[in-house]
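Heads up, structure09.txt below (compact mmCIF, C-alpha atoms):
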```
# COMPACT_ATOMS: atom_id res chain seq x y z
CA MET A 1 78.86 -3.07 4.25
CA ARG A 2 77.04 -0.47 2.23
CA VAL A 3 73.23 -0.79 2.09
CA HIS A 4 71.63 0.39 -1.11
CA GLY A 5 68.46 2.51 -1.02
CA GLY A 6 66.62 0.04 -3.26
CA HIS A 7 67.16 -2.74 -0.75
CA VAL A 8 65.74 -0.60 2.06
CA LEU A 9 62.61 0.15 0.04
CA VAL A 10 61.96 -3.53 -0.76
CA THR A 11 62.42 -4.54 2.87
CA THR A 12 60.04 -1.82 4.09
CA LEU A 13 57.32 -2.80 1.61
CA ALA A 14 57.60 -6.46 2.59
CA ALA A 15 57.19 -5.60 6.29
CA VAL A 16 54.12 -3.48 5.60
CA GLY A 17 52.61 -6.32 3.58
CA VAL A 18 53.12 -8.79 6.41
CA LEU A 19 51.43 -6.40 8.86
CA LEU A 20 48.44 -5.95 6.55
CA LEU A 21 48.02 -9.72 6.08
CA TYR A 22 48.18 -10.27 9.86
CA ALA A 23 45.52 -7.62 10.49
CA ALA A 24 43.23 -9.15 7.83
CA TRP A 25 43.67 -12.60 9.38
CA GLN A 26 42.73 -11.24 12.81
CA ARG A 27 39.55 -9.63 11.43
CA SER A 28 38.49 -12.85 9.63
CA GLY A 29 37.77 -14.52 12.99
CA GLU A 30 35.31 -11.79 14.05
CA PRO A 31 31.59 -11.83 13.10
CA ASP A 32 30.54 -9.53 10.28
CA VAL A 33 27.90 -7.55 12.15
CA ALA A 34 26.64 -5.85 9.02
CA THR A 35 25.62 -9.18 7.40
CA GLU A 36 24.44 -11.12 10.48
CA THR A 37 20.85 -12.46 10.17
CA VAL A 38 18.44 -14.50 12.28
CA THR A 39 17.78 -17.91 10.70
CA SER A 40 14.27 -19.34 10.32
CA GLY A 41 13.05 -21.04 13.47
CA SER A 42 15.67 -19.45 15.72
CA LEU A 43 15.12 -17.22 18.72
CA PRO A 44 15.28 -13.42 18.25
CA PRO A 45 18.64 -11.64 18.66
CA MET A 46 19.97 -11.21 22.20
CA ASP A 47 19.11 -7.51 22.44
CA SER A 48 15.54 -7.81 21.10
CA ASP A 49 12.20 -8.56 22.77
CA PRO A 50 12.13 -12.36 23.43
CA SER A 51 8.38 -12.40 22.89
CA LEU A 52 8.79 -11.41 19.23
CA VAL A 53 8.55 -14.98 17.94
CA PRO A 54 5.89 -16.98 16.06
CA ARG A 55 3.64 -19.42 17.95
CA ILE A 56 1.90 -22.14 15.96
CA GLU A 57 -1.51 -23.60 16.82
CA VAL A 58 -3.58 -25.95 14.68
CA GLU A 59 -7.34 -26.36 14.62
CA THR A 60 -6.97 -29.95 15.91
CA THR A 61 -4.23 -32.54 16.23
CA GLU A 62 -6.72 -35.35 15.50
CA LEU A 63 -8.62 -34.65 12.30
CA HIS A 64 -11.67 -36.92 11.91
CA VAL A 65 -12.95 -36.63 8.36
CA GLY A 66 -15.81 -39.13 8.81
CA THR A 67 -16.83 -41.62 6.13
CA ILE A 68 -15.39 -40.83 2.73
CA PRO A 69 -16.36 -42.26 -0.71
CA ASN A 70 -14.43 -45.36 -1.75
CA ALA A 71 -13.56 -43.84 -5.14
CA GLY A 72 -11.81 -40.56 -5.91
CA LEU A 73 -9.64 -38.26 -3.82
CA PHE A 74 -11.18 -36.74 -0.68
CA GLU A 75 -9.96 -33.23 0.23
CA THR A 76 -10.46 -30.99 3.24
CA ARG A 77 -8.69 -28.13 5.03
CA LEU A 78 -7.18 -27.66 8.46
CA ALA A 79 -6.77 -24.18 9.97
CA VAL A 80 -3.35 -23.07 11.25
CA TYR A 81 -3.09 -20.06 13.59
CA ASN A 82 -0.18 -17.79 14.50
CA ARG A 83 -0.56 -16.88 18.18
CA GLY A 84 2.85 -15.16 18.28
CA LYS A 85 4.28 -11.73 17.46
CA ALA A 86 6.44 -12.58 14.44
CA PRO A 87 5.59 -14.08 11.02
CA LEU A 88 4.95 -17.83 11.12
CA ARG A 89 6.56 -19.64 8.20
CA LEU A 90 5.11 -23.03 7.24
CA SER A 91 7.82 -24.95 5.39
CA ASP A 92 6.70 -28.54 4.81
CA VAL A 93 4.12 -31.29 5.49
CA ARG A 94 5.29 -34.89 5.63
CA THR A 95 3.30 -38.10 5.93
CA ASN A 96 3.80 -41.68 7.11
CA CYS A 97 1.54 -43.06 4.35
CA ALA A 98 0.85 -42.11 0.75
CA CYS A 99 -2.88 -42.56 1.41
CA SER A 100 -2.99 -39.35 3.52
CA GLN A 101 -1.06 -36.28 2.46
CA GLY A 102 -0.87 -32.56 3.18
CA ARG A 103 -0.09 -29.48 1.12
CA ILE A 104 0.63 -25.85 2.04
CA PRO A 105 -0.98 -23.29 -0.32
CA GLU A 106 1.31 -20.41 -1.29
CA SER A 107 -1.06 -18.00 0.44
CA SER A 108 -0.42 -19.82 3.75
CA ARG A 109 3.35 -20.14 3.54
CA VAL A 110 3.69 -17.06 5.78
CA VAL A 111 1.05 -16.41 8.43
CA PRO A 112 1.23 -12.93 10.03
CA PRO A 113 0.99 -12.43 13.82
CA GLY A 114 -2.61 -13.05 14.89
CA GLY A 115 -3.40 -14.41 11.43
CA GLU A 116 -4.78 -17.69 10.11
CA GLY A 117 -3.60 -20.00 7.35
CA VAL A 118 -4.56 -23.48 6.19
CA ILE A 119 -3.07 -26.75 5.09
CA GLU A 120 -4.89 -28.85 2.52
CA VAL A 121 -5.41 -32.51 3.49
CA MET A 122 -5.99 -35.24 0.90
CA VAL A 123 -7.07 -38.83 1.61
CA ASP A 124 -6.91 -41.39 -1.21
CA PRO A 125 -9.16 -44.42 -0.47
CA ARG A 126 -7.50 -46.40 -3.25
CA ARG A 127 -4.33 -46.55 -1.12
CA ILE A 128 -6.12 -47.65 2.07
CA VAL A 129 -6.20 -51.34 2.91
CA GLY A 130 -9.68 -52.02 4.20
CA PHE A 131 -12.23 -49.59 5.54
CA HIS A 132 -10.45 -47.58 8.27
CA SER A 133 -7.35 -45.40 8.29
CA ARG A 134 -5.38 -43.49 10.94
CA LYS A 135 -2.25 -41.83 9.54
CA THR A 136 0.02 -39.02 10.72
CA LEU A 137 0.96 -35.73 9.05
CA THR A 138 3.89 -33.71 10.41
CA LEU A 139 3.76 -29.94 9.85
CA PHE A 140 7.08 -28.05 10.00
CA SER A 141 7.37 -24.33 10.87
CA ASN A 142 9.74 -21.73 12.30
CA ASP A 143 8.12 -21.76 15.76
CA PRO A 144 11.24 -21.97 18.00
CA GLU A 145 9.43 -24.00 20.69
CA GLN A 146 7.31 -26.25 18.47
CA SER A 147 8.90 -26.64 15.07
CA ARG A 148 6.94 -29.85 14.38
CA VAL A 149 3.25 -30.50 14.91
CA ARG A 150 1.86 -34.01 14.42
CA ILE A 151 -1.71 -34.33 13.15
CA ASP A 152 -3.53 -37.68 13.06
CA VAL A 153 -5.90 -38.00 10.11
CA VAL A 154 -8.70 -40.49 10.82
CA ALA A 155 -11.00 -41.69 8.04
CA ASP A 156 -13.57 -44.42 7.44
CA VAL A 157 -14.06 -45.60 3.87
CA ASP A 158 -17.56 -46.33 2.59
CA PRO A 159 -17.27 -50.16 2.49
CA GLU A 160 -17.87 -52.21 -0.61
CA PHE A 161 -18.54 -55.13 1.76
CA GLU A 162 -18.57 -55.74 5.51
CA VAL A 163 -16.94 -58.43 7.61
CA ILE A 164 -18.67 -59.53 10.84
CA PRO A 165 -16.78 -59.69 13.14
CA ALA A 166 -13.91 -57.61 11.80
CA GLU A 167 -11.45 -59.71 13.87
CA VAL A 168 -11.56 -63.28 15.17
CA GLU A 169 -10.88 -63.14 18.92
CA PHE A 170 -10.96 -66.51 20.68
CA GLY A 171 -9.86 -65.18 24.07
CA GLU A 172 -8.37 -67.68 26.53
CA VAL A 173 -8.26 -71.23 25.18
CA GLU A 174 -7.07 -74.30 27.07
CA LYS A 175 -4.28 -76.17 25.29
CA GLY A 176 -5.77 -79.13 23.46
CA GLU A 177 -9.20 -77.55 23.04
CA VAL A 178 -10.64 -77.08 19.54
CA VAL A 179 -12.64 -73.87 19.06
CA SER A 180 -14.40 -72.37 16.04
CA ARG A 181 -15.90 -69.05 14.93
CA THR A 182 -17.87 -68.10 11.83
CA VAL A 183 -17.19 -64.86 9.97
CA LEU A 184 -19.88 -63.37 7.69
CA VAL A 185 -18.99 -61.35 4.60
CA ARG A 186 -21.82 -59.24 3.19
CA GLN A 187 -22.01 -57.19 0.01
CA ARG A 188 -22.86 -53.56 0.82
CA GLN A 189 -22.96 -51.82 -2.55
CA GLU A 190 -24.54 -52.55 -5.91
CA GLU A 191 -21.41 -53.94 -7.52
CA PRO A 192 -21.48 -57.78 -7.23
CA LEU A 193 -19.18 -59.26 -4.59
CA GLU A 194 -17.26 -62.46 -5.19
CA ILE A 195 -14.83 -64.14 -2.83
CA THR A 196 -12.16 -65.87 -4.91
CA ASP A 197 -10.13 -67.42 -2.08
CA VAL A 198 -9.46 -67.33 1.66
CA ALA A 199 -5.93 -68.26 2.76
CA GLU A 200 -3.77 -68.01 5.84
CA ARG A 201 -1.00 -65.47 5.48
CA GLY A 202 2.64 -66.61 5.73
CA ARG A 203 2.17 -70.36 6.05
CA ARG A 204 5.28 -72.25 7.13
CA ALA A 205 6.41 -75.73 6.27
CA GLY A 206 4.23 -78.30 7.98
CA ASP A 207 1.03 -76.25 7.69
CA ASP A 208 -0.90 -79.07 6.11
CA GLY A 209 -4.18 -80.68 7.05
CA ALA A 210 -2.87 -80.97 10.62
CA SER A 211 -2.23 -77.22 10.94
CA GLU A 212 -3.57 -75.59 14.10
CA LEU A 213 -5.51 -73.04 12.01
CA GLN A 214 -8.13 -74.33 9.59
CA ILE A 215 -10.13 -72.00 7.34
CA ALA A 216 -13.07 -72.98 5.13
CA TRP A 217 -15.39 -70.69 3.20
CA ARG A 218 -18.65 -71.08 1.29
CA PRO A 219 -21.39 -68.94 -0.31
CA ARG A 220 -24.47 -68.61 1.87
CA PRO A 221 -27.83 -69.74 0.45
CA LYS A 222 -29.68 -66.85 -1.17
CA GLU A 223 -32.64 -67.21 1.20
CA MET A 224 -30.28 -66.37 4.10
CA TRP A 225 -29.08 -63.06 2.61
CA GLU A 226 -29.91 -60.00 4.67
CA HIS A 227 -30.50 -57.84 1.59
CA HIS A 228 -32.06 -58.98 -1.65
CA GLU A 229 -29.55 -59.39 -4.50
CA LYS A 230 -26.56 -58.68 -2.23
CA SER A 231 -24.45 -61.78 -1.82
CA GLU A 232 -23.09 -63.23 1.41
CA TYR A 233 -20.35 -65.68 2.35
CA ALA A 234 -19.51 -67.61 5.50
CA ILE A 235 -15.92 -68.30 6.63
CA ASP A 236 -15.39 -70.96 9.33
CA VAL A 237 -12.22 -70.41 11.35
CA THR A 238 -11.08 -73.30 13.58
CA LEU A 239 -8.22 -73.25 16.05
CA GLY A 240 -6.86 -76.76 16.57
CA ALA A 241 -5.46 -78.71 19.51
CA ASP A 242 -1.78 -78.21 18.66
CA ALA A 243 -1.68 -74.39 18.93
CA SER A 244 1.43 -73.58 20.97
CA PRO A 245 1.15 -72.15 24.52
CA GLY A 246 1.20 -68.37 24.94
CA PRO A 247 -0.13 -65.49 22.81
CA TYR A 248 -1.51 -66.64 19.46
CA LEU A 249 -1.63 -64.26 16.50
CA ARG A 250 -2.22 -65.08 12.84
CA PHE A 251 -3.79 -63.40 9.80
CA PHE A 252 -5.76 -64.71 6.88
CA ASP A 253 -6.62 -62.87 3.66
CA ILE A 254 -10.08 -62.65 2.13
CA LYS A 255 -9.42 -62.35 -1.61
CA THR A 256 -12.18 -60.64 -3.62
CA ASN A 257 -13.10 -59.23 -7.01
CA VAL A 258 -13.18 -55.68 -5.59
CA ASP A 259 -10.53 -53.55 -7.32
CA ARG A 260 -9.84 -51.37 -4.27
CA VAL A 261 -9.71 -54.32 -1.82
CA PRO A 262 -8.31 -57.34 -3.68
CA ALA A 263 -7.20 -58.86 -0.36
CA LEU A 264 -8.44 -57.93 3.12
CA PRO A 265 -6.36 -59.17 6.10
CA ILE A 266 -8.31 -60.53 9.09
CA LYS A 267 -6.63 -60.99 12.48
CA VAL A 268 -7.00 -64.19 14.50
CA ALA A 269 -5.96 -63.91 18.16
CA ALA A 270 -6.06 -66.08 21.27
CA GLU A 271 -4.22 -66.80 24.50
CA ILE A 272 -3.35 -70.51 24.72
CA ARG A 273 -3.13 -71.70 28.32
CA ALA A 274 -1.03 -74.77 29.13
CA PRO A 275 0.79 -76.22 32.18
CA TYR A 276 4.13 -75.61 30.42
CA THR A 277 5.94 -73.10 28.21
CA LEU A 278 7.74 -73.66 24.94
CA ASP A 279 10.76 -71.81 23.52
CA PRO A 280 10.76 -71.21 20.62
CA ALA A 281 6.99 -71.35 20.23
CA TYR A 282 5.43 -71.88 16.81
CA PRO A 283 5.53 -70.12 14.34
CA ARG A 284 8.96 -68.87 15.47
CA ALA A 285 11.57 -71.13 13.92
CA LEU A 286 14.46 -73.00 15.51
CA ALA A 287 17.48 -71.86 13.46
CA ILE A 288 20.49 -74.14 12.93
CA VAL A 289 23.46 -73.05 10.83
CA GLY A 290 26.25 -75.48 10.01
CA THR A 291 29.56 -74.22 8.62
CA ALA A 292 33.04 -75.61 8.11
CA ALA A 293 33.99 -74.13 11.48
CA SER A 294 30.93 -75.66 13.22
CA PRO A 295 29.89 -78.73 11.25
CA ASP A 296 27.98 -80.19 14.19
CA ALA A 297 25.82 -77.11 14.86
CA THR A 298 22.84 -77.64 17.14
CA GLY A 299 19.60 -75.93 18.11
CA THR A 300 17.63 -76.43 21.31
CA VAL A 301 13.93 -76.40 22.12
CA ARG A 302 13.22 -75.77 25.81
CA VAL A 303 10.06 -77.07 27.49
CA THR A 304 9.45 -75.89 31.08
CA GLY A 305 6.54 -77.27 33.07
CA GLU A 306 4.55 -76.31 36.15
CA ALA A 307 5.07 -79.93 37.24
CA PRO A 308 7.39 -82.80 36.24
CA LEU A 309 7.04 -83.65 32.55
CA THR A 310 8.36 -86.02 29.92
CA ILE A 311 8.92 -85.66 26.18
CA ALA A 312 7.94 -88.50 23.84
CA ASP A 313 7.34 -89.34 20.17
CA VAL A 314 10.01 -86.94 18.90
CA GLU A 315 10.32 -86.89 15.13
CA THR A 316 11.27 -84.55 12.30
CA ASP A 317 10.68 -84.52 8.57
CA LEU A 318 14.27 -83.37 7.88
CA ASP A 319 16.77 -86.17 7.11
CA ALA A 320 19.61 -83.72 7.78
CA LEU A 321 18.76 -83.58 11.52
CA ARG A 322 19.28 -85.84 14.50
CA VAL A 323 17.33 -85.19 17.71
CA GLU A 324 17.71 -86.21 21.35
CA VAL A 325 16.02 -85.31 24.65
CA ALA A 326 17.97 -84.14 27.71
CA ASP A 327 17.24 -82.72 31.16
CA GLY A 328 17.26 -78.94 31.47
CA ASP A 329 19.22 -76.88 33.98
CA ALA A 330 16.08 -76.03 35.99
CA PRO A 331 13.40 -78.13 37.72
CA ASN A 332 10.71 -79.52 35.41
CA ALA A 333 12.66 -78.47 32.29
CA LYS A 334 13.45 -80.64 29.28
CA LEU A 335 15.57 -79.92 26.22
CA ILE A 336 15.10 -81.26 22.71
CA ILE A 337 18.47 -80.93 20.99
CA ALA A 338 18.54 -80.98 17.19
CA SER A 339 21.91 -81.32 15.46
CA LEU A 340 22.99 -81.43 11.84
CA SER A 341 24.00 -84.77 10.44
CA PRO A 342 27.65 -84.94 9.24
CA GLU A 343 26.31 -86.31 5.95
CA ALA A 344 23.94 -83.37 5.38
CA ALA A 345 24.40 -81.84 1.94
CA PRO A 346 24.87 -78.06 1.59
CA GLY A 347 21.67 -76.09 1.25
CA ARG A 348 18.73 -74.63 3.14
CA PHE A 349 16.05 -76.83 4.68
CA ASP A 350 12.68 -75.93 6.22
CA GLY A 351 10.80 -78.49 8.24
CA VAL A 352 8.96 -79.29 11.45
CA LEU A 353 9.90 -80.99 14.73
CA ARG A 354 6.94 -82.83 16.31
CA PHE A 355 6.69 -84.28 19.80
CA THR A 356 4.37 -85.03 22.71
CA VAL A 357 4.47 -83.38 26.12
CA ARG A 358 3.20 -85.55 29.02
CA ILE A 359 2.33 -83.66 32.19
CA ASN A 360 -0.28 -83.95 34.96
CA GLY A 361 -1.53 -87.22 33.48
CA ARG A 362 -2.33 -85.65 30.08
CA GLU A 363 -0.69 -85.61 26.66
CA TYR A 364 -0.29 -82.54 24.44
CA TRP A 365 0.85 -82.48 20.82
CA GLU A 366 3.45 -79.88 19.88
CA LYS A 367 5.41 -78.79 16.84
CA VAL A 368 8.30 -76.39 16.26
CA ALA A 369 9.31 -74.96 12.88
CA ILE A 370 12.94 -75.63 11.90
CA ARG A 371 15.14 -73.67 9.50
CA ALA A 372 18.49 -75.37 8.87
CA VAL A 373 21.30 -73.99 6.69
CA VAL A 374 24.29 -76.14 5.74
CA ALA A 375 27.27 -74.19 4.33
CA ARG A 376 30.33 -76.42 4.48
```

Could you rewrite the structure in this file as structure tokens?
Amino acid sequence: MRVHGGHVLVTTLAAVGVLLLYAAWQRSGEPDVATETVTSGSLPPMDSDPSLVPRIEVETTELHVGTIPNAGLFETRLAVYNRGKAPLRLSDVRTNCACSQGRIPESSRVVPPGGEGVIEVMVDPRRIVGFHSRKTLTLFSNDPEQSRVRIDVVADVDPEFEVIPAEVEFGEVEKGEVVSRTVLVRQRQEEPLEITDVAERGRRAGDDGASELQIAWRPRPKEMWEHHEKSEYAIDVTLGADASPGPYLRFFDIKTNVDRVPALPIKVAAEIRAPYTLDPAYPRALAIVGTAASPDATGTVRVTGEAPLTIADVETDLDALRVEVADGDAPNAKLIIASLSPEAAPGRFDGVLRFTVRINGREYWEKVAIRAVVAR
């Protein structure tokens, strides 16, 4: 067969093209040395001096700014040092609360070796609940060993009023004992102080006149005021006999006419000692969910004593529930089993299970919050 010269030329050009494409493909997998750069925050190249890196240091990691005015933005500065041998680049400041923020001036974005920059710190008292704040700023940089530095900003706000004591701590309380404390609220500044209400936070169903936490407040007579023309109030906090065994923690809000502090939360804490434990313990709720697949859903309250015990006077304010008492699977343990009635209508129901625990010749009142959902 005769081969024409044109065919030979086409074949040769095609082969050369394939070889060129293959060579280009091989080179594409190799690094382009001419354009290779060191990214911010990374270590220096392999062949360079490993000490040629930035090293960040801040003036303090716990910035106490003292007592600040309760109106207007408070501003201060925090020094940032570069103890390394390469430029230190400050890239961002983040916060865990809008009340305390940081900003990097343009002049401090790059701090030369041995140099000093600053970050600006702002505290806004209008965003602080109460009279004390501890928030965290996080400063980001290209220091390869410490790219993040956390700085706590601590501030006290000049108080419009004071609360004495700031928390209600009852300590250890024997189950069944009734204890009380009085909290004083005193106006500190010239603007008149008025308490408009005092209420427990997050009340559950059943928190009526028989609730374990009772709060009453009243204006104090003017002749008892510590400072002339500065009003005072008294808040009586009483912990009742049916507080559940174990750690006790609640909050109540003092509601005022102060724009910056319309509601101030006050903690109430105690450790309730009893010869038995309760699970779940109030205010945790016993949850019962009834569905088409489990129409007879149940929930169980477990009472475990240090000695033999009995459960009596069991009742609930929910018509959708039936309750019974059974022995537990451990010594001195009783179970209160709550089950949904087959006639219960669909819906959500909140209520309370009440009962008496008899142990060591004494009786103790108890209650457990119930949350039942019927979805059939």

Fill in the blank from the handout: atom CA of Ser294 of chain A sits from atom CA of Leu278 of chain A at a separation of 26.1 Å

Practice task
Find the residues near segment 295-311 of chain A: any atom within 8 Å, counting all atoms listed in the file, skip ones fewer than 3 places away on the same chain, and give them as number ranges by chain.
Solution key: A: 275-280, 286-292, 314, 325, 328, 331-342, 355-360, 376

Fill in the blank from the handout: atom CA of Glu145 of chain A sits from atom CA of Glu62 of chain A at a separation of 20.4 Å

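Candidate residues A:Asp236, A:Glu324, A:Glu226, A:Asp197 were compared for distance to Lys255 of chain A, and the nearest is A:Asp197, using only C-alpha atoms.
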
Exercise for the section: Please measure the separation of atom CA of Glu232 of chain A and atom CA of Ala71 of chain A, giving the value in Å to one decimal. Expected result: 22.6 Å

Within 8 Å of segment 115-132 of chain A, which residues of segment 47-83 of chain A show up? Give each one with its shortest atom-to-atom distance in Å (one decimal) and the two atoms involved, counting only C-alpha atoms, rows by chain then rising residue number, as a Markdown table.
```
| residue | atom | partner | partner_atom | distance |
| --- | --- | --- | --- | --- |
| A:Ile68 | CA | A:Pro125 | CA | 7.9 |
| A:Pro69 | CA | A:Pro125 | CA | 7.5 |
| A:Asn70 | CA | A:Pro125 | CA | 5.5 |
| A:Ala71 | CA | A:Pro125 | CA | 6.4 |
| A:Gly72 | CA | A:Asp124 | CA | 6.8 |
| A:Leu73 | CA | A:Asp124 | CA | 4.9 |
| A:Phe74 | CA | A:Val123 | CA | 5.1 |
| A:Glu75 | CA | A:Met122 | CA | 4.5 |
| A:Thr76 | CA | A:Val121 | CA | 5.3 |
| A:Arg77 | CA | A:Glu120 | CA | 4.6 |
| A:Leu78 | CA | A:Ile119 | CA | 5.4 |
| A:Ala79 | CA | A:Val118 | CA | 4.4 |
| A:Val80 | CA | A:Gly117 | CA | 5.0 |
| A:Tyr81 | CA | A:Glu116 | CA | 4.5 |
| A:Asn82 | CA | A:Gly115 | CA | 5.6 |
| A:Arg83 | CA | A:Gly115 | CA | 7.7 |
```

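Residue neighbourhood of Gly171 of chain A, excluding near-sequence residues (fewer than 3 positions): Ala269, Ala270, Glu271 and Ile272 of chain A, at 9 Å, using all atoms listed in the file.
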
Practice task
Could you give me, as a ChimeraX atom specification, the residues within 12 Å of Arg284 of chain A, counting only C-alpha atoms and dropping anything in the same chain fewer than 6 positions from it?
Solution key: /A:202-205,244,248-249,278,301,352,367-371

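Counting only C-alpha atoms and comparing A:Arg89, A:Arg188, A:Arg218, A:Arg148, the residue that lies closest to Ser108 of chain A is A:Arg89.
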
Practice task
Please identify all polymer residues lying at most 8 Å from the point (-10.4, -75.3, 19.2) (file coordinates), using all atoms listed in the file, and present the result as number ranges by chain.
Solution key: A: 173, 176-180, 238-241

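Among the candidates A:Arg220, A:Lys230, A:Lys175, A:Arg181, the residue lying nearest to Asp242 of chain A is A:Lys175 (atoms considered: all atoms listed in the file).
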
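The closest residue to His227 of chain A, picked from A:Leu88, A:Val258, A:Arg186, A:His64 and counting only C-alpha atoms, is A:Arg186.
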
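Proximity ranking of A:Gly66, A:Pro165, A:Pro159, A:Pro265 relative to Phe251 of chain A places A:Pro265 first, based on all atoms listed in the file.
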
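Shortest separation to Pro87 of chain A among A:Leu52, A:Leu193, A:Leu63, A:Arg103 occurs at residue A:Leu52, atoms counted being all atoms listed in the file.
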